[in-house]
Amino acid sequence: MLEGKAMVEDSDMPVKMQVQAMSLASQALDIFDVVDCKSIAGHIKKEFDERYGSGWQCVVGSNFGCFFTHSKGTFIYFQLETLKFLIFKGASAP
């Protein structure tokens, strides 16, 4: 496990959920090859959907851009090893 080595760049998630996100990222890196970003992201998304309800999105990589709207309290962007992790739950339309 690589917990404690993640660097949170931005988040509005509760601390407990942030810890869970970083723990799942570490777990995914233990299971999948570091270049298999799609499988890493899928693992994290599946776990978040099961634990916190459906609608979670996860982006993993070393170089990506994005623009999105998220539900309050569901966003984290952090780095672990050489990868960046973006996890959020999409905002519902009014």
# chains A, B, ... in the order shown; residues from 1 in each chain; ligands from 1

call {"tool": "select_by_dssp", "arguments": {"residues": "chain A", "states": "alpha helix (DSSP H)", "output": "number ranges by chain"}}
result
A: 15-31, 37-52

call {"tool": "residues_around", "arguments": {"residues": "Lys38 in chain A", "least_positions_apart": "4", "cutoff": "12 Å", "atoms": "only C-alpha atoms", "output": "number ranges by chain"}}
result
A: 28-29, 32-34, 42-45, 57-61, 85

call {"tool": "select_by_dssp", "arguments": {"residues": "chain A", "states": "strand (DSSP E or B)", "output": "list in words"}}
result
Met7, Val8, Glu9, Asp10, Ser11, Trp56, Gln57, Cys58, Val59, Val60, Gly61, His70, Ile76, Tyr77, Phe78, Gln79, Leu80, Leu83, Lys84, Phe85, Leu86, Ile87, Phe88, Lys89 and Gly90 of chain A

call {"tool": "write_last_selection", "arguments": {"atoms": "N, CA and C atoms", "output": "short mmCIF file (atom, residue, chain, number, x, y, z; two decimals), in the first residue's frame"}}
result
data_model
loop_
_atom_site.label_atom_id
_atom_site.label_comp_id
_atom_site.auth_asym_id
_atom_site.auth_seq_id
_atom_site.Cartn_x
_atom_site.Cartn_y
_atom_site.Cartn_z
N MET A 7 -0.69 13.08 -2.80
CA MET A 7 -0.73 14.52 -2.59
C MET A 7 -2.04 15.07 -3.15
N VAL A 8 -2.91 15.53 -2.26
CA VAL A 8 -4.19 16.10 -2.68
C VAL A 8 -3.94 17.50 -3.24
N GLU A 9 -4.38 17.72 -4.46
CA GLU A 9 -4.21 19.04 -5.09
C GLU A 9 -5.44 19.90 -4.88
N ASP A 10 -6.63 19.28 -4.85
CA ASP A 10 -7.87 20.02 -4.60
C ASP A 10 -8.95 19.01 -4.23
N SER A 11 -9.86 19.42 -3.35
CA SER A 11 -10.95 18.54 -2.96
C SER A 11 -12.01 19.31 -2.18
N TRP A 56 -20.69 8.00 -10.13
CA TRP A 56 -19.32 8.46 -9.94
C TRP A 56 -18.54 8.37 -11.25
N GLN A 57 -17.60 9.29 -11.40
CA GLN A 57 -16.71 9.32 -12.55
C GLN A 57 -15.27 9.30 -12.04
N CYS A 58 -14.39 8.67 -12.79
CA CYS A 58 -12.99 8.60 -12.39
C CYS A 58 -12.12 8.73 -13.63
N VAL A 59 -11.14 9.63 -13.56
CA VAL A 59 -10.18 9.82 -14.64
C VAL A 59 -8.80 9.59 -14.03
N VAL A 60 -7.99 8.78 -14.69
CA VAL A 60 -6.65 8.48 -14.20
C VAL A 60 -5.66 8.64 -15.36
N GLY A 61 -4.56 9.30 -15.11
CA GLY A 61 -3.53 9.45 -16.13
C GLY A 61 -2.45 10.41 -15.68
N HIS A 70 -19.75 19.11 -10.81
CA HIS A 70 -19.88 18.00 -9.86
C HIS A 70 -20.83 18.37 -8.73
N ILE A 76 -12.46 15.15 -5.76
CA ILE A 76 -11.07 15.09 -5.31
C ILE A 76 -10.16 14.97 -6.52
N TYR A 77 -9.03 15.66 -6.45
CA TYR A 77 -7.99 15.59 -7.47
C TYR A 77 -6.67 15.42 -6.73
N PHE A 78 -5.99 14.29 -6.95
CA PHE A 78 -4.76 14.03 -6.23
C PHE A 78 -3.77 13.28 -7.10
N GLN A 79 -2.52 13.25 -6.64
CA GLN A 79 -1.47 12.52 -7.33
C GLN A 79 -0.97 11.41 -6.42
N LEU A 80 -0.72 10.26 -7.01
CA LEU A 80 -0.14 9.11 -6.32
C LEU A 80 0.86 8.49 -7.29
N LEU A 83 0.88 9.11 -11.31
CA LEU A 83 -0.46 9.30 -11.88
C LEU A 83 -1.27 10.35 -11.12
N LYS A 84 -2.15 11.01 -11.85
CA LYS A 84 -3.13 11.93 -11.28
C LYS A 84 -4.47 11.22 -11.27
N PHE A 85 -5.26 11.49 -10.24
CA PHE A 85 -6.57 10.88 -10.07
C PHE A 85 -7.61 11.97 -9.89
N LEU A 86 -8.66 11.91 -10.68
CA LEU A 86 -9.78 12.83 -10.59
C LEU A 86 -11.02 11.98 -10.36
N ILE A 87 -11.68 12.18 -9.22
CA ILE A 87 -12.88 11.43 -8.88
C ILE A 87 -13.96 12.43 -8.51
N PHE A 88 -15.15 12.25 -9.08
CA PHE A 88 -16.26 13.14 -8.75
C PHE A 88 -17.57 12.47 -9.10
N LYS A 89 -18.63 12.99 -8.51
CA LYS A 89 -19.96 12.55 -8.85
C LYS A 89 -20.61 13.67 -9.65
N GLY A 90 -21.11 13.34 -10.82
CA GLY A 90 -21.69 14.34 -11.69
C GLY A 90 -22.90 15.02 -11.06
#

call {"tool": "atom_distance", "arguments": {"atom1": "CA of Tyr52 in chain A", "atom2": "CA of Met17 in chain A"}}
result
9.4 Å

call {"tool": "closest_residue", "arguments": {"among": "A:Ala91, A:Val19, A:Asp49, A:Ser26", "to": "Thr69 in chain A", "atoms": "only C-alpha atoms"}}
result
A:Ala91

call {"tool": "residues_around", "arguments": {"residues": "Asp12 in chain A", "least_positions_apart": "4", "cutoff": "9 Å", "atoms": "only C-alpha atoms", "output": "list in words"}}
result
Gln18, Lys72, Gly73, Thr74, Phe75 and Ile76 of chain A

call {"tool": "atom_distance", "arguments": {"atom1": "CA of Cys37 in chain A", "atom2": "CA of Glu81 in chain A"}}
result
12.8 Å
